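Here is the file target-v7.txt (compact mmCIF, C-alpha atoms).
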# COMPACT_ATOMS: atom_id res chain seq x y z
CA MET A 23 51.34 40.46 -0.63
CA ILE A 24 51.07 38.54 -3.91
CA TYR A 25 51.10 35.27 -2.02
CA LEU A 26 48.38 36.49 0.34
CA HIS A 27 46.32 37.65 -2.63
CA LEU A 28 46.69 34.25 -4.31
CA LEU A 29 45.81 32.54 -1.06
CA PHE A 30 42.70 34.69 -0.76
CA ILE A 31 41.70 33.81 -4.32
CA CYS A 32 42.24 30.08 -3.65
CA LEU A 33 40.24 30.20 -0.45
CA HIS A 34 37.45 32.12 -2.15
CA TYR A 35 37.40 29.57 -4.99
CA TYR A 36 37.45 26.68 -2.51
CA HIS A 37 34.53 28.04 -0.50
CA SER A 38 32.59 28.91 -3.66
CA MET A 39 32.90 25.28 -4.78
CA ARG A 40 31.89 23.84 -1.42
CA LEU A 41 28.31 22.71 -1.13
CA GLN A 42 26.30 24.68 1.37
CA VAL A 43 24.58 21.98 3.42
CA LYS A 44 22.16 23.56 5.86
CA ARG A 45 21.39 21.61 9.00
CA ILE A 46 17.88 22.32 10.29
CA ASN A 47 17.58 22.87 14.01
CA VAL A 48 15.03 20.09 14.46
CA ARG A 49 15.96 16.81 16.08
CA LEU A 50 13.57 13.98 16.89
CA TYR A 51 14.51 11.65 19.73
CA PRO A 52 13.00 8.29 20.73
CA ASP A 53 9.93 8.59 22.94
CA ALA A 54 9.65 5.70 25.40
CA ARG A 55 6.03 6.67 26.16
CA LYS A 56 4.81 5.28 22.84
CA VAL A 57 3.67 1.83 23.85
CA ILE A 58 1.46 -0.91 22.45
CA PRO A 59 -0.05 -3.87 24.32
CA ARG A 60 1.39 -7.22 23.22
CA PHE A 61 0.28 -10.76 24.03
CA PHE A 62 2.54 -12.17 26.76
CA ASN A 63 2.86 -15.91 26.21
CA THR A 64 4.55 -17.83 29.02
CA GLY A 65 4.19 -21.34 27.56
CA ASN A 66 1.34 -23.80 28.05
CA GLU A 67 2.35 -25.39 31.35
CA ARG A 68 3.30 -22.14 33.04
CA SER A 69 0.28 -20.33 31.58
CA LEU A 70 -2.16 -22.94 32.88
CA ALA A 71 -0.66 -22.69 36.36
CA LEU A 72 -1.00 -18.91 36.19
CA ILE A 73 -4.65 -19.15 35.10
CA ASN A 74 -5.43 -21.50 37.98
CA ARG A 75 -3.88 -19.09 40.47
CA VAL A 76 -6.21 -16.35 39.27
CA LEU A 77 -9.24 -18.69 39.35
CA GLN A 78 -8.48 -19.54 42.99
CA MET A 79 -8.55 -15.89 44.04
CA PRO A 80 -11.62 -14.74 46.03
CA ASP A 81 -13.97 -12.78 43.75
CA ASN A 82 -13.67 -9.53 45.72
CA GLU A 83 -9.87 -9.71 45.63
CA ALA A 84 -9.89 -10.39 41.89
CA ASN A 85 -12.33 -7.53 41.27
CA ASN A 86 -10.23 -5.08 43.28
CA LEU A 87 -7.07 -6.12 41.40
CA LEU A 88 -8.85 -5.64 38.07
CA LEU A 89 -9.92 -2.15 39.14
CA GLN A 90 -6.29 -1.40 39.99
CA VAL A 91 -5.25 -2.49 36.48
CA TYR A 92 -7.90 -0.17 35.01
CA LYS A 93 -6.66 2.70 37.17
CA GLU A 94 -3.04 2.23 36.10
CA PHE A 95 -3.50 1.52 32.40
CA SER A 96 -6.85 2.84 31.13
CA ASP A 97 -5.37 6.22 30.29
CA ARG A 98 -2.80 4.62 27.98
CA TYR A 99 -5.31 2.93 25.66
CA ILE A 100 -8.62 3.77 24.06
CA ASP A 101 -10.24 0.57 25.36
CA ILE A 102 -8.24 -1.41 27.92
CA ARG A 103 -11.11 -3.88 28.39
CA ALA A 104 -11.04 -4.86 24.71
CA ILE A 105 -7.31 -5.54 24.95
CA LEU A 106 -7.66 -7.75 28.03
CA ASP A 107 -10.58 -9.60 26.48
CA LYS A 108 -8.63 -10.20 23.26
CA HIS A 109 -5.69 -11.69 25.15
CA PHE A 110 -7.96 -13.89 27.25
CA GLU A 111 -9.45 -15.22 24.02
CA LEU A 112 -5.94 -16.17 22.89
CA ILE A 113 -5.26 -18.22 26.03
CA LYS A 114 -8.66 -19.69 26.96
CA ARG A 115 -7.93 -22.84 24.91
CA LEU A 116 -5.98 -24.13 27.93
CA LEU A 117 -9.14 -24.35 30.01
CA PRO A 118 -11.57 -27.30 29.75
CA GLN A 119 -14.83 -26.22 28.14
CA GLU A 120 -16.91 -27.09 31.20
CA LYS A 121 -14.64 -24.99 33.44
CA LEU A 122 -14.59 -22.07 31.01
CA HIS A 123 -18.34 -21.51 31.40
CA THR A 124 -17.97 -20.97 35.14
CA VAL A 125 -15.43 -18.14 34.89
CA SER A 126 -16.82 -14.66 35.57
CA LYS A 127 -16.31 -11.83 33.11
CA GLU A 128 -14.14 -10.00 35.65
CA LYS A 129 -11.80 -12.96 36.11
CA LYS A 130 -11.58 -13.45 32.34
CA LEU A 131 -10.41 -9.85 32.01
CA LEU A 132 -8.02 -10.24 34.95
CA ILE A 133 -6.56 -13.38 33.33
CA GLY A 134 -6.18 -11.34 30.13
CA SER A 135 -4.15 -8.74 32.05
CA TYR A 136 -1.66 -11.39 33.12
CA PHE A 137 -1.12 -12.25 29.46
CA THR A 138 -0.59 -8.64 28.41
CA MET A 139 2.70 -6.77 28.30
CA GLU A 140 3.51 -3.25 27.19
CA TYR A 141 6.06 -2.80 24.41
CA SER A 142 7.84 0.54 24.03
CA LEU A 143 8.09 0.98 20.27
CA GLU A 144 10.95 3.46 20.03
CA HIS A 145 12.67 3.20 23.39
CA ALA A 146 16.03 2.38 21.75
CA ALA A 147 15.88 4.41 18.54
CA LEU A 148 13.86 6.48 16.06
CA PHE A 149 15.87 6.60 12.87
CA ASN A 150 16.39 5.78 9.15
CA PRO A 151 13.67 8.13 7.88
CA SER A 152 12.13 8.53 4.44
CA ILE A 153 9.86 11.32 3.18
CA VAL A 154 7.10 11.65 0.58
CA GLU A 155 4.49 14.19 -0.41
CA ASP A 156 1.29 13.73 1.59
CA PRO A 157 -1.67 12.59 -0.55
CA ASP A 158 -3.72 15.10 1.47
CA GLN A 159 -2.56 18.65 0.72
CA SER A 160 -5.46 20.35 2.50
CA GLY A 161 -4.32 23.17 4.75
CA ALA A 162 -1.10 23.77 2.80
CA ALA A 163 -0.80 27.43 1.81
CA ALA A 164 0.94 28.68 -1.31
CA GLY A 165 4.58 27.63 -1.20
CA GLU A 166 3.95 24.95 1.43
CA LYS A 167 3.85 21.17 1.07
CA ASN A 168 2.34 18.58 3.38
CA VAL A 169 4.68 15.63 3.80
CA ILE A 170 4.77 12.25 5.50
CA VAL A 171 7.96 11.10 7.19
CA SER A 172 8.37 7.42 8.02
CA PHE A 173 10.73 6.11 10.69
CA ARG A 174 12.25 2.86 11.79
CA ALA A 175 11.48 2.57 15.50
CA THR A 176 13.40 0.08 17.65
CA GLY A 177 12.45 -1.16 21.09
CA GLU A 178 13.10 -4.06 23.46
CA GLY A 179 14.87 -7.02 21.87
CA HIS A 180 15.96 -4.83 18.92
CA ILE A 181 12.62 -5.40 17.21
CA SER A 182 11.95 -2.72 14.61
CA SER A 183 8.59 -1.39 13.47
CA LEU A 184 7.40 1.38 11.16
CA LEU A 185 6.04 4.70 12.44
CA PHE A 186 4.92 7.91 10.75
CA LYS A 187 4.69 11.65 11.33
CA ARG A 188 2.76 14.22 9.32
CA GLY A 189 4.57 17.48 8.71
CA LYS A 190 4.62 20.60 6.58
CA LEU A 191 7.48 22.12 4.58
CA ASP A 192 7.17 25.88 4.50
CA LYS A 193 8.37 28.20 1.74
CA ASP A 194 11.88 28.16 3.23
CA ALA A 195 11.97 24.34 3.36
CA MET A 196 11.73 24.30 7.14
CA ILE A 197 9.72 21.40 8.52
CA HIS A 198 6.94 21.66 11.09
CA PHE A 199 5.33 18.53 12.56
CA GLU A 200 1.78 18.19 13.79
CA PRO A 201 1.51 17.08 17.44
CA SER A 202 1.83 13.33 17.94
CA GLY A 203 -1.21 11.30 18.90
CA LYS A 204 -1.54 9.58 22.25
CA TYR A 205 -2.93 6.12 21.45
CA MET A 206 -0.81 3.85 19.27
CA ASN A 207 -2.78 1.54 16.98
CA GLU A 208 -1.65 -1.63 15.20
CA GLY A 209 -4.60 -1.79 12.80
CA GLN A 210 -6.56 -4.82 11.64
CA VAL A 211 -4.86 -7.60 9.70
CA THR A 212 -6.44 -9.49 6.81
CA GLN A 213 -5.10 -12.09 4.41
CA GLN A 214 -4.55 -10.82 0.87
CA ASN A 215 -6.27 -13.88 -0.59
CA SER A 216 -9.49 -14.28 1.40
CA LYS A 217 -9.86 -17.89 0.20
CA LEU A 218 -6.74 -18.92 2.07
CA LYS A 219 -6.78 -19.83 5.72
CA TYR A 220 -5.45 -16.89 7.71
CA ASP A 221 -2.28 -17.92 9.49
CA MET A 222 1.38 -16.98 9.80
CA LEU A 223 2.60 -19.55 7.29
CA THR A 224 0.42 -18.49 4.38
CA MET A 225 1.39 -14.86 4.99
CA VAL A 226 5.03 -15.77 4.24
CA ASN A 227 4.14 -16.46 0.60
CA THR A 228 1.08 -14.30 0.01
CA GLY A 229 1.61 -11.30 2.26
CA TYR A 230 -1.11 -9.55 4.23
CA GLU A 231 -3.08 -6.34 4.42
CA LEU A 232 -3.29 -3.88 7.28
CA HIS A 233 -6.22 -1.50 7.81
CA PHE A 234 -6.42 1.49 10.15
CA SER A 235 -9.48 3.42 11.20
CA ALA A 236 -9.87 6.87 9.63
CA ASP A 237 -10.30 8.38 13.10
CA THR A 238 -6.71 7.53 14.06
CA LEU A 239 -3.98 10.10 13.57
CA LEU A 240 -1.16 9.13 11.22
CA SER A 241 1.29 9.37 14.13
CA GLU A 242 -0.78 6.78 16.02
CA ARG A 243 -0.46 4.10 13.31
CA VAL A 244 2.27 1.53 13.77
CA ILE A 245 3.18 -1.27 11.39
CA PHE A 246 4.52 -3.88 13.80
CA PRO A 247 6.01 -7.20 12.62
CA ILE A 248 3.27 -9.72 11.85
CA ALA A 249 4.46 -12.34 9.32
CA LEU A 250 7.01 -14.99 10.30
CA THR A 251 9.58 -13.55 7.89
CA GLU A 252 9.52 -10.20 9.74
CA LYS A 253 8.93 -11.30 13.34
CA ASN A 254 12.20 -9.69 14.47
CA GLY A 255 11.90 -6.50 12.48
CA ILE A 256 10.48 -4.32 9.72
CA GLU A 257 13.60 -2.37 8.80
CA ASP A 258 14.49 0.69 6.69
CA ALA A 259 11.33 1.38 4.68
CA ARG A 260 12.15 3.46 1.59
CA PHE A 261 8.91 5.18 0.57
CA VAL A 262 8.36 6.73 -2.85
CA LYS A 263 5.40 8.39 -4.55
CA PHE A 264 5.04 6.17 -7.62
CA ILE A 265 3.32 7.63 -10.70
CA ARG A 266 1.52 5.03 -12.79
CA GLU A 267 1.39 5.22 -16.59
CA ASP A 268 -2.15 6.64 -16.43
CA GLY A 269 -0.92 9.52 -14.24
CA SER A 270 -2.44 8.26 -10.99
CA ALA A 271 -0.28 7.90 -7.90
CA THR A 272 0.34 5.21 -5.33
CA TYR A 273 2.92 4.96 -2.59
CA LEU A 274 5.44 2.12 -2.57
CA ALA A 275 8.09 1.22 -0.05
CA THR A 276 10.63 -1.54 0.06
CA TYR A 277 11.67 -2.80 3.47
CA THR A 278 13.84 -5.51 4.95
CA ALA A 279 11.96 -8.26 6.77
CA TYR A 280 14.08 -9.93 9.45
CA ASP A 281 13.11 -13.13 11.23
CA GLY A 282 16.08 -13.21 13.61
CA SER A 283 18.32 -15.20 11.27
CA PHE A 284 17.51 -14.32 7.68
CA ILE A 285 16.44 -11.22 5.76
CA LEU A 286 13.97 -10.96 2.90
CA PRO A 287 12.92 -7.85 0.92
CA HIS A 288 9.22 -6.88 0.96
CA VAL A 289 7.17 -4.13 -0.62
CA ILE A 290 4.41 -1.98 0.90
CA GLU A 291 1.64 -0.44 -1.21
CA THR A 292 -0.81 2.26 -0.10
CA THR A 293 -2.74 5.17 -1.55
CA ASP A 294 -3.93 6.77 1.67
CA PHE A 295 -1.70 5.56 4.55
CA LEU A 296 -4.81 3.96 6.03
CA HIS A 297 -4.76 0.71 4.09
CA PHE A 298 -1.49 -1.10 3.45
CA LYS A 299 -0.69 -4.14 1.33
CA MET A 300 2.48 -6.00 2.38
CA SER A 301 4.02 -8.47 -0.09
CA PRO A 302 7.26 -10.45 -0.24
CA LEU A 303 9.46 -9.92 -3.28
CA ARG A 304 10.51 -12.96 -5.29
CA GLY A 305 13.26 -13.87 -7.74
CA ASN A 306 17.00 -14.52 -7.79
CA ALA A 307 17.80 -10.82 -7.37
CA ALA A 308 15.31 -10.17 -4.55
CA ILE A 309 17.95 -10.61 -1.87
CA ASN A 310 19.92 -8.63 0.70
CA LYS A 311 19.10 -5.05 1.72
CA ASN A 312 18.95 -1.54 0.23
CA LEU A 313 16.25 -2.01 -2.41
CA ALA A 314 14.74 1.26 -3.65
CA ILE A 315 12.11 1.65 -6.38
CA PHE A 316 12.28 4.37 -9.03
CA PRO A 317 9.25 6.72 -8.87
CA ARG A 318 7.90 5.69 -12.27
CA LYS A 319 8.40 3.05 -14.93
CA ILE A 320 11.23 3.66 -17.39
CA ASN A 321 10.79 2.37 -20.93
CA GLY A 322 7.68 0.53 -19.75
CA LYS A 323 9.38 -1.39 -16.92
CA TYR A 324 9.75 -1.17 -13.16
CA VAL A 325 13.29 -0.21 -12.11
CA MET A 326 14.92 -0.78 -8.75
CA LEU A 327 18.23 -0.06 -7.06
CA SER A 328 19.70 -2.81 -4.89
CA ARG A 329 22.87 -3.96 -3.13
CA ILE A 330 22.69 -7.71 -3.63
CA ASP A 331 26.29 -8.41 -2.61
CA GLY A 332 26.39 -6.02 0.35
CA ILE A 333 29.19 -3.97 -1.26
CA ASN A 334 28.10 -2.43 -4.57
CA ASN A 335 25.07 -0.68 -6.00
CA TYR A 336 23.08 -2.60 -8.62
CA ILE A 337 20.18 -1.76 -10.91
CA MET A 338 17.32 -4.14 -11.67
CA VAL A 339 14.57 -4.06 -14.32
CA SER A 340 11.33 -6.07 -14.28
CA ASP A 341 7.88 -6.31 -15.86
CA ASP A 342 6.53 -7.48 -12.50
CA LEU A 343 6.73 -5.39 -9.32
CA TYR A 344 7.00 -8.55 -7.20
CA LEU A 345 9.49 -10.56 -9.31
CA TRP A 346 13.14 -9.58 -9.74
CA GLU A 347 15.42 -12.07 -11.45
CA ASN A 348 18.46 -10.13 -12.68
CA ALA A 349 20.70 -7.35 -11.40
CA THR A 350 23.39 -5.35 -13.21
CA LEU A 351 26.36 -3.73 -11.47
CA LEU A 352 25.80 0.04 -11.26
CA GLN A 353 28.35 1.50 -8.84
CA GLN A 354 31.41 0.27 -6.98
CA PRO A 355 33.28 2.01 -4.17
CA VAL A 356 35.73 4.53 -5.65
CA TYR A 357 36.62 7.02 -2.93
CA PRO A 358 38.14 6.19 0.49
CA TRP A 359 35.01 7.22 2.44
CA GLU A 360 33.04 4.51 0.60
CA PHE A 361 35.67 1.75 0.31
CA VAL A 362 33.80 -0.67 2.60
CA GLN A 363 30.49 -0.40 0.74
CA ILE A 364 28.27 1.91 -1.25
CA GLY A 365 24.47 1.84 -1.14
CA ASN A 366 21.48 4.01 -1.91
CA GLY A 367 19.88 6.46 0.47
CA GLY A 368 16.35 5.93 -0.78
CA SER A 369 14.52 6.04 -4.09
CA PRO A 370 15.99 8.17 -6.91
CA VAL A 371 14.68 11.72 -7.21
CA GLU A 372 13.80 12.85 -10.74
CA THR A 373 15.32 16.15 -11.87
CA GLU A 374 15.54 17.78 -15.31
CA ARG A 375 19.20 16.83 -15.47
CA GLY A 376 18.92 13.20 -14.39
CA TRP A 377 18.05 10.82 -11.60
CA LEU A 378 19.54 12.11 -8.36
CA VAL A 379 20.47 9.30 -5.99
CA ILE A 380 21.52 10.07 -2.44
CA THR A 381 24.03 7.37 -1.56
CA HIS A 382 25.70 6.21 1.60
CA GLY A 383 29.28 5.10 1.89
CA VAL A 384 31.17 3.31 4.66
CA GLY A 385 34.82 4.14 5.30
CA PRO A 386 37.48 3.86 8.03
CA MET A 387 36.21 3.00 11.52
CA ARG A 388 32.92 1.99 9.86
CA LYS A 389 31.93 5.65 9.56
CA TYR A 390 28.80 6.15 7.44
CA CYS A 391 28.58 9.26 5.25
CA LEU A 392 26.07 10.44 2.67
CA GLY A 393 27.02 11.06 -0.94
CA ALA A 394 25.21 11.85 -4.18
CA SER A 395 25.25 10.59 -7.77
CA LEU A 396 23.40 11.45 -10.99
CA PHE A 397 22.14 9.00 -13.61
CA ASP A 398 20.72 9.37 -17.11
CA LEU A 399 16.92 9.85 -17.19
CA ASN A 400 16.33 7.45 -20.09
CA ASP A 401 19.11 5.01 -19.24
CA PRO A 402 19.57 4.99 -15.46
CA SER A 403 22.29 2.38 -15.77
CA ARG A 404 24.56 5.20 -17.02
CA GLU A 405 26.19 7.21 -14.25
CA LEU A 406 26.69 10.87 -15.19
CA GLY A 407 28.60 11.96 -12.11
CA ARG A 408 29.37 11.34 -8.45
CA LEU A 409 30.52 13.50 -5.57
CA LYS A 410 34.16 12.88 -4.68
CA GLU A 411 33.69 14.04 -1.11
CA PRO A 412 30.81 13.19 1.25
CA LEU A 413 27.69 15.30 1.09
CA LEU A 414 27.20 14.83 4.83
CA MET A 415 29.41 13.44 7.59
CA PRO A 416 28.50 12.96 11.27
CA GLU A 417 29.43 16.01 13.31
CA GLU A 418 30.83 15.65 16.81
CA ASP A 419 27.41 15.70 18.50
CA GLU A 420 26.08 13.18 15.97
CA ARG A 421 28.76 10.54 16.50
CA TYR A 422 27.20 8.90 19.56
CA GLY A 423 24.18 6.59 19.56
CA TYR A 424 23.08 2.99 19.20
CA VAL A 425 25.58 2.61 16.34
CA PRO A 426 28.24 5.36 16.53
CA ASN A 427 29.60 7.45 13.64
CA VAL A 428 26.62 7.11 11.29
CA VAL A 429 24.49 9.42 9.17
CA TYR A 430 21.95 7.58 7.04
CA THR A 431 18.76 8.26 5.10
CA CYS A 432 16.01 6.31 3.35
CA GLY A 433 14.67 9.08 1.12
CA ALA A 434 14.62 12.72 0.02
CA ILE A 435 12.24 15.20 -1.60
CA ILE A 436 12.52 18.37 -3.71
CA HIS A 437 10.87 21.54 -2.43
CA HIS A 438 11.42 25.03 -3.91
CA ASN A 439 14.60 24.05 -5.75
CA LYS A 440 16.01 22.55 -2.58
CA ILE A 441 16.63 18.93 -1.80
CA PHE A 442 15.27 18.17 1.66
CA ILE A 443 16.82 15.14 3.36
CA PRO A 444 15.80 13.61 6.69
CA TYR A 445 18.68 11.61 8.13
CA ALA A 446 19.43 9.32 11.04
CA ILE A 447 22.00 10.15 13.68
CA SER A 448 24.04 7.11 14.74
CA ASP A 449 21.02 4.78 14.56
CA TYR A 450 19.38 6.70 17.40
CA ALA A 451 17.66 9.97 16.47
CA THR A 452 16.60 11.89 13.35
CA SER A 453 17.41 15.31 11.96
CA PHE A 454 17.18 17.18 8.63
CA ILE A 455 19.25 19.06 6.05
CA THR A 456 18.60 21.08 2.89
CA ILE A 457 20.84 21.76 -0.10
CA LEU A 458 20.21 23.96 -3.11
CA LEU A 459 19.36 21.46 -5.85
CA ASN A 460 21.16 23.18 -8.73
CA GLU A 461 24.29 23.68 -6.66
CA LEU A 462 24.33 19.98 -5.84
CA LEU A 463 23.81 18.97 -9.47
CA ASP A 464 26.49 21.40 -10.65
CA LYS A 465 28.91 19.99 -8.10
CA ILE A 466 28.18 16.38 -9.15
CA MET A 467 28.70 17.18 -12.84
CA ALA A 468 31.86 19.21 -12.18
CA GLU A 469 33.52 16.21 -10.61
What would the structure in this file look like if it were written as structure tokens?
Amino acid sequence: MIYLHLLFICLHYYHSMRLQVKRINVRLYPDARKVIPRFFNTGNERSLALINRVLQMPDNEANNLLLQVYKEFSDRYIDIRAILDKHFELIKRLLPQEKLHTVSKEKKLLIGSYFTMEYSLEHAALFNPSIVEDPDQSGAAAGEKNVIVSFRATGEGHISSLLFKRGKLDKDAMIHFEPSGKYMNEGQVTQQNSKLKYDMLTMVNTGYELHFSADTLLSERVIFPIALTEKNGIEDARFVKFIREDGSATYLATYTAYDGSFILPHVIETTDFLHFKMSPLRGNAAINKNLAIFPRKINGKYVMLSRIDGINNYIMVSDDLYLWENATLLQQPVYPWEFVQIGNGGSPVETERGWLVITHGVGPMRKYCLGASLFDLNDPSRELGRLKEPLLMPEEDERYGYVPNVVYTCGAIIHHNKIFIPYAISDYATSFITILLNELLDKIMAE
């Protein structure tokens, strides 16, 4: 009986020390119906032959075919004619000027349809989420918080773009999303420096701006690769609500730009999620992935987490948001579940007891788990504690996806003394967990 009593005490102590991670019964899957029209370039010689085939069609046949295109695709876009006209404008250079004037409006639009393709934004995956407080808190009752969740969406050719959803955290830290919009919108692109010629090459060095109409829903706005450095993907945006020294707020996000061969870190700036400024980061330490900005300056300087060697966590300090020259080693893998690499899971979250950093670790069989660490508020290069065991591991029904055996996040938020974390399931879908904040901090400091 004594042994059973001791066993009971040990089990009670063990369970009392275990973190209570609550999985929320909400899972977001990729939606193949979210499409955008892209320019379909077949090469000059082939394109010219295609244009001539259309021009040789009898007018009534061409008109009937155009009507069929309208019938099939008008319901998928706000203005299908504007799309076809835009794509004709991109290809009309192949026609001699004298011949161009003889082409009817209907055939121009029909030609435009042949140079249009639909791209399914999230057919392959909707994952690697981050979360921030919505700048618009209208409609949030007492105890509720409007939030914006960003996602990495991946479609054909493994090209990644950035999508958003607007949601609400209720008093119990359950999330409720507003219905998604129907018409996806890529916004209007402008050069940051209006004196420069607008082209893909200048955007590599100067960045660009993206503007959406206020009558679009947040869930209809897509940031699709535009600059040459990101033509194969905008990956893993880590959004944070950044508080300036005067108390005003802006939203920043680092992301990985991928051109198919090389990666380069960029930063997004916005105040309203309507207008976005996209800029490349510079400097010797602006390399690799996993950059995450602290939510305010510390000792008068910008501070950033990074993983410049692909293995360890680093911390960087700079006077300039866009220039990062030096990095200092912050964390190395210590526990078996993070032996392959350790990285951040989004921007640090400020608590009264320190900077809480959700981490990710990679262990045997390349299994990704989430962890947590705490750092000094005034000197974030000083680690106060780290969980010995994973905070979150993939459960059996989370082990299968585009990349198996992965849980991953790009950000977290505090709500009613709970830490709310959206996380990716095997690079495929997205779900959510909550943990009592003080229990998590106590556990970190106890270890």
With all atoms listed in the file as the basis for distance, which of A:Ile245, A:Leu122, A:Ala146, A:Met196 is at the shortest distance from A:Ala54?
-> A:Ala146
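Each of A:Arg318, A:Arg375, A:Lys187, A:His109 was compared to A:Phe264 using only C-alpha atoms, and A:Arg318 turns out to be the nearest.
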For A:Asp331, the closest of A:Val169, A:Ile436, A:Ile364, A:Met300 counting only C-alpha atoms is A:Ile364
Closest to A:Pro412 among A:Glu372, A:Glu360, A:Asp268, A:Glu120, using only C-alpha atoms?
-> A:Glu360
Which residue, A:Leu77, A:Ile153, A:Leu50, A:Leu413, has the smallest gap to A:Lys263 when you use all atoms listed in the file?
-> A:Ile153
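Among A:Met206, A:Ile46, A:Val356, A:Val76, the residue with the shortest atom-to-atom distance to A:Arg98, counting all atoms listed in the file, is A:Met206.
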Excluding A:Asn366 and its own-chain neighbours fewer than 4 positions away, which residues fall within 7 Å of it when counting all atoms listed in the file? Please give them as a PDB file with C-alpha atoms, in the coordinates of the input.
ATOM      1  CA  ASN A 312      18.950  -1.540   0.230  1.00  0.00           C
ATOM      2  CA  VAL A 379      20.470   9.300  -5.990  1.00  0.00           C
ATOM      3  CA  ILE A 380      21.520  10.070  -2.440  1.00  0.00           C
ATOM      4  CA  THR A 381      24.030   7.370  -1.560  1.00  0.00           C
ATOM      5  CA  HIS A 382      25.700   6.210   1.600  1.00  0.00           C
TER       6      HIS A 382
END
Two-atom distance - atom CA of A:Leu131, atom CA of A:Arg103 (Å) | 7.0 Å
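The interatomic distance for the pair atom CA of A:Gly229 and atom CA of A:Pro302 works out to 6.2 Å.
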